[in-house]
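Below is structure_9.txt, holding compact mmCIF, C-alpha atoms and all ligand atoms.
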# COMPACT_ATOMS: atom_id res chain seq x y z
CA MET I 11 -19.26 -34.71 -7.04
CA ARG I 12 -16.59 -33.38 -4.68
CA THR I 13 -15.01 -35.57 -2.03
CA ALA I 14 -15.35 -34.30 1.54
CA LEU I 15 -11.67 -33.32 1.61
CA ARG I 16 -11.56 -31.65 -1.79
CA LYS I 17 -11.87 -27.90 -1.27
CA ARG I 18 -12.80 -25.34 -3.88
CA THR I 19 -9.91 -22.88 -3.68
CA LEU I 20 -9.61 -19.50 -5.37
CA VAL I 21 -6.08 -18.22 -6.03
CA THR I 22 -5.98 -14.57 -7.14
CA GLY I 23 -2.74 -13.72 -8.91
CA GLY I 24 -2.53 -17.44 -9.68
CA ALA I 25 -0.62 -16.93 -12.95
CA GLY I 26 2.20 -15.07 -11.18
CA PHE I 27 5.39 -16.45 -9.67
CA LEU I 28 4.08 -17.54 -6.25
CA GLY I 29 0.55 -18.14 -7.55
CA ARG I 30 1.76 -20.69 -10.08
CA HIS I 31 3.55 -22.72 -7.41
CA LEU I 32 0.56 -22.48 -5.07
CA CYS I 33 -1.94 -23.62 -7.74
CA LYS I 34 0.28 -26.61 -8.51
CA ARG I 35 0.58 -27.54 -4.84
CA LEU I 36 -3.17 -27.25 -4.17
CA LEU I 37 -3.96 -29.45 -7.19
CA ALA I 38 -1.39 -32.01 -5.98
CA ASP I 39 -3.14 -31.97 -2.58
CA GLY I 40 -6.39 -32.95 -4.34
CA HIS I 41 -8.22 -29.61 -4.32
CA GLU I 42 -10.12 -27.75 -7.03
CA VAL I 43 -8.31 -24.60 -8.09
CA LEU I 44 -9.82 -21.53 -9.67
CA CYS I 45 -7.00 -19.26 -10.81
CA VAL I 46 -7.95 -15.61 -11.30
CA ASP I 47 -5.49 -13.21 -12.95
CA ASN I 48 -5.44 -10.10 -15.15
CA PHE I 49 -1.98 -11.06 -16.53
CA PHE I 50 -0.36 -7.76 -15.57
CA THR I 51 2.85 -9.50 -14.46
CA GLY I 52 1.69 -13.11 -14.65
CA SER I 53 1.38 -15.17 -17.81
CA LYS I 54 -0.39 -18.16 -19.27
CA SER I 55 2.97 -19.83 -19.83
CA ASN I 56 3.37 -20.06 -16.02
CA ILE I 57 0.29 -22.24 -15.74
CA ILE I 58 0.20 -23.90 -19.15
CA GLU I 59 1.02 -27.30 -17.67
CA LEU I 60 -2.02 -27.00 -15.37
CA LEU I 61 -4.56 -26.06 -18.04
CA ASP I 62 -5.52 -29.61 -18.98
CA GLN I 63 -6.01 -30.76 -15.38
CA PRO I 64 -9.73 -31.40 -14.76
CA PHE I 65 -9.80 -29.63 -11.39
CA PHE I 66 -8.03 -26.49 -12.66
CA GLU I 67 -9.91 -23.50 -14.05
CA LEU I 68 -8.60 -20.15 -15.29
CA LEU I 69 -10.48 -16.86 -15.27
CA ARG I 70 -9.14 -13.58 -16.65
CA HIS I 71 -10.37 -10.98 -14.17
CA ASP I 72 -9.11 -7.86 -12.42
CA VAL I 73 -9.65 -8.07 -8.64
CA THR I 74 -10.38 -4.34 -8.45
CA PHE I 75 -13.81 -5.37 -9.78
CA PRO I 76 -16.23 -7.54 -7.77
CA LEU I 77 -16.34 -11.27 -8.38
CA TYR I 78 -19.24 -13.63 -7.68
CA LEU I 79 -18.54 -17.34 -7.33
CA GLU I 80 -18.70 -20.13 -4.76
CA VAL I 81 -15.50 -21.26 -3.04
CA ASP I 82 -14.36 -22.65 0.31
CA GLU I 83 -10.99 -20.89 0.57
CA ILE I 84 -9.37 -17.82 -0.99
CA TYR I 85 -5.66 -17.10 -1.34
CA ASN I 86 -5.42 -13.41 -2.25
CA LEU I 87 -2.08 -13.02 -4.06
CA ALA I 88 -3.04 -10.60 -6.84
CA CYS I 89 -0.63 -7.64 -6.85
CA PRO I 90 2.62 -6.91 -8.68
CA ALA I 91 5.49 -7.58 -6.26
CA SER I 92 8.57 -6.23 -8.04
CA PRO I 93 9.30 -2.51 -7.36
CA VAL I 94 9.75 -1.93 -11.10
CA HIS I 95 6.26 -3.25 -11.83
CA TYR I 96 4.35 -1.89 -8.84
CA GLN I 97 5.80 1.59 -9.52
CA PHE I 98 4.81 1.45 -13.22
CA ASP I 99 1.17 2.34 -12.41
CA PRO I 100 1.15 3.21 -8.71
CA VAL I 101 -2.53 4.19 -8.59
CA GLN I 102 -3.50 0.78 -9.97
CA THR I 103 -1.16 -0.85 -7.40
CA THR I 104 -3.00 0.79 -4.50
CA LYS I 105 -6.35 -0.08 -6.09
CA THR I 106 -5.28 -3.70 -6.49
CA SER I 107 -4.31 -3.95 -2.83
CA VAL I 108 -7.20 -1.98 -1.37
CA HIS I 109 -10.15 -2.50 -3.74
CA GLY I 110 -8.89 -6.04 -4.39
CA ALA I 111 -8.92 -6.76 -0.64
CA ILE I 112 -12.42 -5.27 -0.25
CA ASN I 113 -13.76 -7.34 -3.15
CA MET I 114 -12.16 -10.59 -1.97
CA LEU I 115 -13.22 -9.99 1.65
CA GLY I 116 -16.75 -9.27 0.45
CA LEU I 117 -16.72 -12.53 -1.48
CA ALA I 118 -15.35 -14.40 1.56
CA LYS I 119 -18.09 -12.89 3.73
CA ARG I 120 -20.88 -13.85 1.30
CA VAL I 121 -19.78 -17.47 0.84
CA LYS I 122 -18.25 -17.86 4.36
CA ALA I 123 -14.82 -18.76 2.94
CA LYS I 124 -11.54 -18.69 4.82
CA ILE I 125 -9.22 -16.08 3.30
CA PHE I 126 -5.42 -15.68 3.18
CA GLN I 127 -3.79 -12.34 2.42
CA ALA I 128 -0.34 -12.19 0.82
CA SER I 129 1.03 -9.31 2.83
CA THR I 130 4.68 -8.33 2.84
CA SER I 131 7.78 -7.44 4.81
CA GLU I 132 7.31 -3.99 3.21
CA VAL I 133 4.76 -3.23 5.94
CA TYR I 134 7.87 -2.74 8.14
CA GLY I 135 9.22 -0.15 5.64
CA ASP I 136 12.87 0.76 6.31
CA PRO I 137 12.86 -0.97 9.71
CA ARG I 138 14.42 0.47 12.84
CA ILE I 139 14.14 -2.88 14.67
CA HIS I 140 16.18 -5.83 13.48
CA PRO I 141 15.25 -8.64 12.93
CA GLN I 142 11.57 -7.74 12.46
CA PRO I 143 9.00 -9.42 14.74
CA GLU I 144 5.28 -9.23 13.94
CA THR I 145 4.77 -6.88 16.90
CA TYR I 146 6.85 -4.15 15.19
CA TRP I 147 4.62 -1.46 13.63
CA GLY I 148 7.17 -0.43 11.03
CA HIS I 149 8.79 2.71 9.66
CA VAL I 150 7.07 3.53 6.36
CA ASN I 151 7.17 6.65 4.17
CA PRO I 152 3.51 7.36 3.30
CA VAL I 153 4.31 9.63 0.31
CA GLY I 154 7.28 8.01 -1.46
CA THR I 155 7.62 5.93 -4.61
CA ARG I 156 7.29 2.64 -2.67
CA SER I 157 4.23 3.85 -0.74
CA CYS I 158 1.65 2.63 -3.28
CA TYR I 159 2.74 -0.89 -2.43
CA ASP I 160 3.70 -0.53 1.25
CA GLU I 161 0.67 1.51 2.29
CA GLY I 162 -1.66 -0.45 0.00
CA LYS I 163 -0.60 -3.66 1.73
CA ARG I 164 -0.87 -2.02 5.17
CA CYS I 165 -4.41 -0.86 4.39
CA ALA I 166 -5.27 -4.37 3.16
CA GLU I 167 -4.10 -5.76 6.54
CA THR I 168 -6.34 -3.21 8.29
CA LEU I 169 -9.31 -4.34 6.17
CA PHE I 170 -8.63 -7.99 6.95
CA PHE I 171 -8.60 -7.36 10.70
CA ASP I 172 -11.69 -5.13 10.52
CA TYR I 173 -13.62 -7.84 8.62
CA TYR I 174 -12.40 -10.31 11.27
CA ARG I 175 -13.55 -8.12 14.19
CA GLN I 176 -16.68 -6.70 12.58
CA HIS I 177 -17.95 -9.70 10.59
CA GLY I 178 -16.24 -12.69 12.22
CA LEU I 179 -14.44 -13.67 9.00
CA ARG I 180 -11.84 -16.44 9.14
CA ILE I 181 -8.64 -14.62 8.10
CA LYS I 182 -4.94 -15.47 7.71
CA VAL I 183 -2.48 -12.63 7.16
CA GLY I 184 1.03 -13.70 6.09
CA ARG I 185 3.90 -11.23 5.74
CA ILE I 186 6.11 -12.63 2.99
CA PHE I 187 9.84 -11.75 2.90
CA ASN I 188 11.85 -11.81 -0.37
CA THR I 189 11.09 -15.11 -2.07
CA TYR I 190 12.76 -16.43 -5.22
CA GLY I 191 12.86 -19.52 -7.41
CA PRO I 192 11.97 -20.99 -10.79
CA PHE I 193 9.16 -19.29 -12.74
CA MET I 194 10.15 -15.77 -11.76
CA HIS I 195 9.90 -13.76 -14.96
CA PRO I 196 13.34 -13.09 -16.53
CA ASP I 197 12.40 -9.37 -16.75
CA ASP I 198 10.77 -9.36 -13.31
CA GLY I 199 13.22 -6.72 -12.05
CA ARG I 200 13.78 -8.24 -8.62
CA VAL I 201 17.33 -8.81 -7.53
CA VAL I 202 17.69 -12.61 -7.71
CA SER I 203 16.26 -13.00 -11.22
CA ASN I 204 18.10 -9.88 -12.44
CA PHE I 205 21.49 -11.10 -11.21
CA ILE I 206 21.04 -14.67 -12.48
CA VAL I 207 19.92 -13.59 -15.95
CA GLN I 208 22.72 -11.00 -16.15
CA ALA I 209 25.31 -13.57 -15.00
CA LEU I 210 24.14 -16.19 -17.48
CA ARG I 211 24.42 -13.61 -20.30
CA ASN I 212 27.85 -12.44 -19.04
CA GLU I 213 26.39 -8.94 -18.72
CA PRO I 214 27.30 -6.61 -15.79
CA LEU I 215 25.43 -7.31 -12.53
CA THR I 216 23.55 -4.11 -11.63
CA ILE I 217 24.14 -3.37 -7.95
CA TYR I 218 22.05 -0.50 -6.61
CA GLY I 219 23.94 1.68 -4.12
CA GLU I 220 27.03 0.17 -2.50
CA GLY I 221 25.39 -3.24 -2.25
CA GLN I 222 25.66 -3.15 1.54
CA GLN I 223 21.87 -3.27 2.08
CA THR I 224 20.68 -6.70 3.26
CA ARG I 225 17.80 -9.01 2.40
CA SER I 226 16.79 -12.50 3.57
CA PHE I 227 15.94 -14.82 0.69
CA CYS I 228 13.44 -17.66 0.95
CA TYR I 229 13.21 -20.45 -1.62
CA VAL I 230 9.72 -20.74 -3.11
CA ASP I 231 9.03 -24.35 -2.00
CA ASP I 232 9.60 -23.40 1.65
CA LEU I 233 7.28 -20.42 1.28
CA ILE I 234 4.44 -22.43 -0.30
CA GLU I 235 4.75 -25.03 2.46
CA VAL I 236 4.27 -22.46 5.24
CA MET I 237 1.44 -20.74 3.32
CA VAL I 238 -0.54 -23.98 3.08
CA ARG I 239 0.18 -24.96 6.69
CA PHE I 240 -0.95 -21.51 7.85
CA MET I 241 -4.22 -21.77 5.88
CA ASP I 242 -4.86 -25.23 7.36
CA SER I 243 -4.11 -24.12 10.94
CA ASP I 244 -6.70 -23.42 13.62
CA ASP I 245 -9.10 -20.55 12.81
CA SER I 246 -8.08 -18.76 16.02
CA PHE I 247 -4.59 -18.20 14.55
CA THR I 248 -5.02 -15.18 12.27
CA GLY I 249 -1.50 -13.80 12.14
CA PRO I 250 -0.06 -11.46 11.08
CA MET I 251 2.73 -13.99 10.69
CA ASN I 252 6.16 -13.55 9.10
CA MET I 253 7.01 -16.01 6.33
CA GLY I 254 10.61 -16.14 5.14
CA ASN I 255 14.13 -17.44 5.60
CA PRO I 256 16.15 -15.59 8.27
CA GLY I 257 19.49 -16.14 6.48
CA GLU I 258 20.62 -12.55 5.81
CA PHE I 259 22.99 -11.44 3.01
CA THR I 260 24.19 -8.15 1.60
CA ILE I 261 23.27 -7.56 -2.04
CA LYS I 262 27.00 -7.63 -2.88
CA GLU I 263 27.33 -11.05 -1.22
CA LEU I 264 24.39 -12.26 -3.28
CA ALA I 265 26.03 -10.99 -6.49
CA GLU I 266 29.31 -12.73 -5.64
CA LYS I 267 27.52 -16.00 -4.84
CA ILE I 268 25.69 -15.93 -8.17
CA LEU I 269 28.93 -15.19 -10.05
CA ALA I 270 30.61 -18.16 -8.34
CA LEU I 271 27.69 -20.55 -8.93
CA THR I 272 27.29 -19.64 -12.60
CA GLY I 273 31.02 -19.35 -13.38
CA SER I 274 30.12 -16.09 -15.13
CA ARG I 275 32.58 -13.55 -16.57
CA SER I 276 30.26 -10.68 -15.56
CA VAL I 277 31.58 -7.66 -13.66
CA LEU I 278 29.79 -5.74 -10.89
CA GLU I 279 28.35 -2.41 -12.00
CA TYR I 280 27.17 0.15 -9.44
CA HIS I 281 23.97 2.19 -10.00
CA PRO I 282 22.16 4.80 -7.83
CA LEU I 283 20.17 3.41 -4.92
CA PRO I 284 16.39 3.75 -5.48
CA ASN I 285 14.40 5.97 -3.08
CA ASP I 286 13.54 4.52 0.33
CA ASP I 287 15.29 1.22 -0.41
CA PRO I 288 15.28 -0.57 2.99
CA VAL I 289 18.76 -0.81 4.53
CA GLN I 290 18.30 -4.15 6.25
CA ARG I 291 15.67 -6.84 6.46
CA ARG I 292 15.41 -10.17 8.25
CA PRO I 293 12.31 -11.95 9.54
CA ASP I 294 11.91 -13.13 13.10
CA ILE I 295 10.14 -16.42 12.32
CA SER I 296 9.65 -17.68 15.87
CA LEU I 297 5.86 -17.33 15.56
CA ALA I 298 5.69 -19.60 12.47
CA GLN I 299 8.14 -22.03 14.07
CA GLY I 300 6.16 -22.21 17.32
CA LYS I 301 2.64 -22.28 15.87
CA LEU I 302 3.18 -24.36 12.74
CA GLY I 303 6.39 -26.31 13.50
CA TRP I 304 7.76 -24.85 10.25
CA SER I 305 11.29 -23.79 9.39
CA PRO I 306 12.77 -23.23 5.94
CA ARG I 307 14.79 -26.23 4.72
CA ILE I 308 16.49 -24.92 1.59
CA ASP I 309 19.50 -22.65 2.07
CA LEU I 310 20.51 -19.92 -0.35
CA ASP I 311 23.15 -21.97 -2.20
CA GLN I 312 20.76 -24.87 -2.82
CA GLY I 313 17.92 -22.58 -3.87
CA LEU I 314 20.12 -20.53 -6.17
CA LYS I 315 21.42 -23.67 -7.90
CA GLN I 316 17.85 -24.75 -8.70
CA THR I 317 16.88 -21.27 -9.86
CA ILE I 318 20.00 -20.95 -12.03
CA ALA I 319 19.21 -24.31 -13.66
CA TYR I 320 15.70 -23.05 -14.46
CA PHE I 321 16.94 -19.83 -16.06
CA GLN I 322 19.69 -21.68 -17.94
CA ALA I 323 17.06 -23.90 -19.58
CA LEU I 324 14.77 -20.94 -20.26
CA LEU I 325 17.49 -18.87 -21.96
CA GLU I 326 18.62 -21.93 -23.91
CA THR I 327 15.09 -22.46 -25.26
CA ALA I 328 14.79 -18.77 -26.15
CA ARG I 329 18.04 -19.03 -28.19
CA GLN I 330 16.74 -21.98 -30.25
P1 LIG Q 401 3.99 -11.64 -9.39
O1 LIG Q 401 4.06 -10.25 -9.91
O2 LIG Q 401 4.77 -12.69 -10.08
O3 LIG Q 401 2.47 -12.15 -9.31
C1 LIG Q 401 1.39 -11.29 -9.07
C2 LIG Q 401 0.21 -11.79 -9.90
O4 LIG Q 401 -0.93 -10.94 -9.65
C3 LIG Q 401 0.48 -11.71 -11.41
O5 LIG Q 401 0.07 -12.90 -12.03
C4 LIG Q 401 -0.36 -10.52 -11.87
O6 LIG Q 401 -0.74 -10.60 -13.22
C5 LIG Q 401 -1.53 -10.61 -10.90
N1 LIG Q 401 -2.25 -9.33 -10.72
C6 LIG Q 401 -1.73 -8.12 -10.49
N2 LIG Q 401 -2.71 -7.20 -10.38
C7 LIG Q 401 -3.89 -7.89 -10.53
C8 LIG Q 401 -5.25 -7.50 -10.52
N3 LIG Q 401 -5.62 -6.22 -10.32
N4 LIG Q 401 -6.20 -8.46 -10.72
C9 LIG Q 401 -5.85 -9.74 -10.94
N5 LIG Q 401 -4.57 -10.17 -10.95
C10 LIG Q 401 -3.59 -9.24 -10.76
O7 LIG Q 401 4.41 -11.56 -7.85
P2 LIG Q 401 4.62 -12.74 -6.77
O8 LIG Q 401 6.03 -12.69 -6.34
O9 LIG Q 401 4.04 -13.99 -7.25
O10 LIG Q 401 3.75 -12.16 -5.56
C11 LIG Q 401 2.48 -12.69 -5.24
C12 LIG Q 401 1.93 -11.98 -4.01
O11 LIG Q 401 2.82 -12.17 -2.91
C13 LIG Q 401 1.78 -10.48 -4.19
O12 LIG Q 401 0.60 -10.06 -3.53
C14 LIG Q 401 2.98 -9.91 -3.48
O13 LIG Q 401 2.75 -8.63 -2.97
C15 LIG Q 401 3.19 -10.93 -2.37
N6 LIG Q 401 4.60 -10.94 -1.94
C16 LIG Q 401 5.55 -11.57 -2.68
C17 LIG Q 401 6.87 -11.54 -2.27
C18 LIG Q 401 7.96 -12.24 -3.02
O14 LIG Q 401 9.12 -12.11 -2.64
N7 LIG Q 401 7.71 -13.01 -4.06
C19 LIG Q 401 7.23 -10.85 -1.10
C20 LIG Q 401 6.22 -10.20 -0.38
C21 LIG Q 401 4.91 -10.26 -0.79
N1 LIG Q 402 18.76 -4.54 -6.34
C1 LIG Q 402 20.00 -4.41 -6.95
N2 LIG Q 402 20.10 -4.67 -8.28
C2 LIG Q 402 19.04 -5.08 -9.04
C3 LIG Q 402 17.76 -5.23 -8.40
C4 LIG Q 402 17.67 -4.95 -7.07
O1 LIG Q 402 20.99 -4.05 -6.31
O2 LIG Q 402 19.23 -5.31 -10.25
C5 LIG Q 402 18.65 -4.30 -4.90
C6 LIG Q 402 17.53 -3.35 -4.50
O3 LIG Q 402 17.98 -2.01 -4.52
C7 LIG Q 402 17.22 -3.82 -3.10
C8 LIG Q 402 17.50 -5.32 -3.14
O4 LIG Q 402 18.32 -5.52 -4.29
O5 LIG Q 402 18.10 -3.25 -2.16
C9 LIG Q 402 16.23 -6.17 -3.29
O6 LIG Q 402 15.51 -5.64 -4.37
P1 LIG Q 402 14.20 -6.34 -4.93
O7 LIG Q 402 13.68 -5.46 -6.01
O8 LIG Q 402 14.48 -7.75 -5.25
O9 LIG Q 402 13.18 -6.36 -3.70
P2 LIG Q 402 12.83 -5.37 -2.48
O10 LIG Q 402 13.25 -6.12 -1.28
O11 LIG Q 402 13.59 -4.09 -2.61
O12 LIG Q 402 11.38 -5.17 -2.61
Would you put the structure from the file into structure tokens?
Ligand code: NAD
Ligand code: UDP
Amino acid sequence: MRTALRKRTLVTGGAGFLGRHLCKRLLADGHEVLCVDNFFTGSKSNIIELLDQPFFELLRHDVTFPLYLEVDEIYNLACPASPVHYQFDPVQTTKTSVHGAINMLGLAKRVKAKIFQASTSEVYGDPRIHPQPETYWGHVNPVGTRSCYDEGKRCAETLFFDYYRQHGLRIKVGRIFNTYGPFMHPDDGRVVSNFIVQALRNEPLTIYGEGQQTRSFCYVDDLIEVMVRFMDSDDSFTGPMNMGNPGEFTIKELAEKILALTGSRSVLEYHPLPNDDPVQRRPDISLAQGKLGWSPRIDLDQGLKQTIAYFQALLETARQ
């Protein structure tokens, strides 16, 4: 028997980096969690500590295929997020975003569930407006190597708003900016995990380009907090809403910070800049601040220290 407040929540991509933290948070809040994942970039080890919890359930499933079950809320996170992984099989990336959105929206429509979409700052492409407010339509290459992800996520947003207008679905579209923290995969390929793992191994830190491009890094706990608050907010507030930490750093600054915090002997090594790599990125978070009273609380130094401690322990265990 469920209590009135206990919701049946579906988390797609629940065995990935963000999904793992979200599943844990929803269980701690007293909800039932059904984690769906095809383990493309996620892993059982991310959720192993949740497997024996009575209100946690795991289902191996690919969201590009329909899914029939009964839930109250859906968090649609399934999609590789690291450029290395989403470019590995770009056709599957677009299918995951687009067919995955259609399948999850269809499910939400059938069971009248509220549905959150993990969209991305990549919908702004290589932005010409800085910082990026939600009203900016973006500057995206439709035929480049990042397009499978950027355009897939843009099409998913379109589908969400069409289901909202056409079928009256309760939707929440959150545009997530670079988020990092414990439980990123050591071979994830994104910059924070790459630099930390390289620094801890005293290997060269691989800077792409001159390292003058900027990103704004959000610690995972702050991100999960705003995601849950957004889902719980009034149905009339659909987004799209930026979710991130506006602190902005060049990639070279990030590398130097990680060297200082780890005390590493690593050197900086410069590599070619990947195609269409955005030059600068920073969220305007005034919408989230105004509507949800949310602001990130963990600055980059604090967040990096916690992430470094996680990877230190992980690499130590791997050596034993
Ligand atoms: P991740 O790669 O760690 O997790 C993605 C999860 O989705 C993995 O567990 C993977 O196995 C699963 N998955 C992929 N394709 C699937 C499919 N077809 N069916 C079922 N499961 C599938 O990435 P993450 O950082 O946890 O990102 C989660 C979501 O948030 C993604 O949708 C991503 O686009 C979005 N996002 C993340 C960030 C970030 O900085 N972390 C930024 C913007 C957007
Ligand atoms: N980057 C880098 N070295 C790495 C990985 C990434 O210099 O080992 C750069 C990348 O070119 C980009 C930024 O760091 O400019 C962020 O890359 P990431 O893959 O983390 O995410 P993105 O924001 O590009 O999706």
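In this structure, atom C8 of ligand LIG 402 (chain Q) sits 9.4 Å away from atom CA of I:Pro284.
Candidate residues I:Cys228, I:Leu314, I:Ile206, I:Val183 were compared for distance to I:Phe240, and the nearest is I:Val183, using all atoms listed in the file.
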Q | Long-range neighbours of I:Val46 as an MDAnalysis selection string, 9 Å cut-off, all atoms listed in the file, 5 positions minimum in chain | A | chainID I and resid 20:25 67:73 88
I'd like a table as a Markdown table: residues in chain I with an atom no more than 8 Å from ligand LIG 401 (chain Q), each row giving the shortest atom pair and its distance in Å to one decimal, all atoms listed in the file counted, sorted by chain and rising residue number.
| residue | atom | partner | partner_atom | distance |
| --- | --- | --- | --- | --- |
| I:Thr22 | CA | Q:LIG401 | N5 | 6.0 |
| I:Gly23 | CA | Q:LIG401 | O4 | 3.4 |
| I:Gly24 | CA | Q:LIG401 | O5 | 5.7 |
| I:Ala25 | CA | Q:LIG401 | O5 | 4.2 |
| I:Gly26 | CA | Q:LIG401 | O5 | 3.2 |
| I:Phe27 | CA | Q:LIG401 | O9 | 3.7 |
| I:Leu28 | CA | Q:LIG401 | O9 | 3.7 |
| I:Gly29 | CA | Q:LIG401 | O9 | 5.4 |
| I:Arg30 | CA | Q:LIG401 | O9 | 7.6 |
| I:Val46 | CA | Q:LIG401 | C9 | 6.2 |
| I:Asp47 | CA | Q:LIG401 | N5 | 3.8 |
| I:Asn48 | CA | Q:LIG401 | C9 | 4.2 |
| I:Phe49 | CA | Q:LIG401 | O6 | 3.6 |
| I:Phe50 | CA | Q:LIG401 | O6 | 3.7 |
| I:Thr51 | CA | Q:LIG401 | O6 | 4.0 |
| I:Gly52 | CA | Q:LIG401 | O5 | 3.1 |
| I:Ser53 | CA | Q:LIG401 | O5 | 6.3 |
| I:Arg70 | CA | Q:LIG401 | C9 | 7.6 |
| I:His71 | CA | Q:LIG401 | C9 | 5.7 |
| I:Asp72 | CA | Q:LIG401 | N4 | 3.4 |
| I:Val73 | CA | Q:LIG401 | N4 | 4.0 |
| I:Thr74 | CA | Q:LIG401 | N3 | 5.4 |
| I:Asn86 | CA | Q:LIG401 | O12 | 7.0 |
| I:Leu87 | CA | Q:LIG401 | O12 | 4.0 |
| I:Ala88 | CA | Q:LIG401 | O4 | 3.5 |
| I:Cys89 | CA | Q:LIG401 | C6 | 3.8 |
| I:Pro90 | CA | Q:LIG401 | O1 | 3.8 |
| I:Ala91 | CA | Q:LIG401 | O13 | 4.4 |
| I:Ser92 | CA | Q:LIG401 | O1 | 6.3 |
| I:His95 | CA | Q:LIG401 | O1 | 7.6 |
| I:Gln102 | CA | Q:LIG401 | N3 | 7.3 |
| I:Thr103 | CA | Q:LIG401 | N2 | 7.2 |
| I:Lys105 | CA | Q:LIG401 | N3 | 7.5 |
| I:Thr106 | CA | Q:LIG401 | N3 | 4.6 |
| I:Ser107 | CA | Q:LIG401 | O12 | 7.9 |
| I:Gly110 | CA | Q:LIG401 | N3 | 6.8 |
| I:Gln127 | CA | Q:LIG401 | O12 | 7.7 |
| I:Ala128 | CA | Q:LIG401 | O11 | 4.9 |
| I:Ser129 | CA | Q:LIG401 | C21 | 5.4 |
| I:Thr130 | CA | Q:LIG401 | C20 | 4.0 |
| I:Ser131 | CA | Q:LIG401 | C20 | 6.1 |
| I:Glu132 | CA | Q:LIG401 | C20 | 7.3 |
| I:Tyr159 | CA | Q:LIG401 | O13 | 7.8 |
| I:Lys163 | CA | Q:LIG401 | O13 | 7.6 |
| I:Arg185 | CA | Q:LIG401 | C20 | 6.6 |
| I:Ile186 | CA | Q:LIG401 | C20 | 4.2 |
| I:Phe187 | CA | Q:LIG401 | C19 | 4.9 |
| I:Asn188 | CA | Q:LIG401 | O14 | 3.6 |
| I:Thr189 | CA | Q:LIG401 | O14 | 3.6 |
| I:Tyr190 | CA | Q:LIG401 | N7 | 6.2 |
| I:Met194 | CA | Q:LIG401 | O2 | 6.4 |
| I:His195 | CA | Q:LIG401 | O2 | 7.2 |
| I:Asp198 | CA | Q:LIG401 | O1 | 7.6 |
| I:Cys228 | CA | Q:LIG401 | O14 | 7.9 |
Shell of 9 Å around ligand LIG 402 (chain Q) (only C-alpha atoms and all ligand atoms), written as an mmCIF file with C-alpha atoms, in the coordinates of the input:
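Generated output (pocket38.cif):
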data_model
loop_
_atom_site.group_PDB
_atom_site.id
_atom_site.type_symbol
_atom_site.label_atom_id
_atom_site.label_comp_id
_atom_site.auth_asym_id
_atom_site.auth_seq_id
_atom_site.Cartn_x
_atom_site.Cartn_y
_atom_site.Cartn_z
ATOM 1 C CA ALA I 91 5.490 -7.580 -6.260
ATOM 2 C CA SER I 92 8.570 -6.230 -8.040
ATOM 3 C CA PRO I 93 9.300 -2.510 -7.360
ATOM 4 C CA VAL I 94 9.750 -1.930 -11.100
ATOM 5 C CA SER I 131 7.780 -7.440 4.810
ATOM 6 C CA GLU I 132 7.310 -3.990 3.210
ATOM 7 C CA ARG I 156 7.290 2.640 -2.670
ATOM 8 C CA PHE I 187 9.840 -11.750 2.900
ATOM 9 C CA ASN I 188 11.850 -11.810 -0.370
ATOM 10 C CA THR I 189 11.090 -15.110 -2.070
ATOM 11 C CA TYR I 190 12.760 -16.430 -5.220
ATOM 12 C CA ASP I 198 10.770 -9.360 -13.310
ATOM 13 C CA GLY I 199 13.220 -6.720 -12.050
ATOM 14 C CA ARG I 200 13.780 -8.240 -8.620
ATOM 15 C CA VAL I 201 17.330 -8.810 -7.530
ATOM 16 C CA VAL I 202 17.690 -12.610 -7.710
ATOM 17 C CA SER I 203 16.260 -13.000 -11.220
ATOM 18 C CA ASN I 204 18.100 -9.880 -12.440
ATOM 19 C CA PHE I 205 21.490 -11.100 -11.210
ATOM 20 C CA GLN I 208 22.720 -11.000 -16.150
ATOM 21 C CA LEU I 215 25.430 -7.310 -12.530
ATOM 22 C CA THR I 216 23.550 -4.110 -11.630
ATOM 23 C CA ILE I 217 24.140 -3.370 -7.950
ATOM 24 C CA TYR I 218 22.050 -0.500 -6.610
ATOM 25 C CA GLY I 219 23.940 1.680 -4.120
ATOM 26 C CA GLU I 220 27.030 0.170 -2.500
ATOM 27 C CA GLY I 221 25.390 -3.240 -2.250
ATOM 28 C CA GLN I 222 25.660 -3.150 1.540
ATOM 29 C CA GLN I 223 21.870 -3.270 2.080
ATOM 30 C CA THR I 224 20.680 -6.700 3.260
ATOM 31 C CA ARG I 225 17.800 -9.010 2.400
ATOM 32 C CA SER I 226 16.790 -12.500 3.570
ATOM 33 C CA THR I 260 24.190 -8.150 1.600
ATOM 34 C CA ILE I 261 23.270 -7.560 -2.040
ATOM 35 C CA LYS I 262 27.000 -7.630 -2.880
ATOM 36 C CA ALA I 265 26.030 -10.990 -6.490
ATOM 37 C CA TYR I 280 27.170 0.150 -9.440
ATOM 38 C CA HIS I 281 23.970 2.190 -10.000
ATOM 39 C CA PRO I 282 22.160 4.800 -7.830
ATOM 40 C CA LEU I 283 20.170 3.410 -4.920
ATOM 41 C CA PRO I 284 16.390 3.750 -5.480
ATOM 42 C CA ASN I 285 14.400 5.970 -3.080
ATOM 43 C CA ASP I 287 15.290 1.220 -0.410
ATOM 44 C CA PRO I 288 15.280 -0.570 2.990
ATOM 45 C CA VAL I 289 18.760 -0.810 4.530
ATOM 46 C CA GLN I 290 18.300 -4.150 6.250
ATOM 47 C CA ARG I 291 15.670 -6.840 6.460
#
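Distances here use only C-alpha atoms; by that measure, the residue among I:Lys124, I:His41, I:His140, I:Arg16 closest to I:Pro293 is I:His140.
Taking atom CA of I:Phe75 and atom CA of I:Val108 as the two end points, the separation is 11.2 Å.
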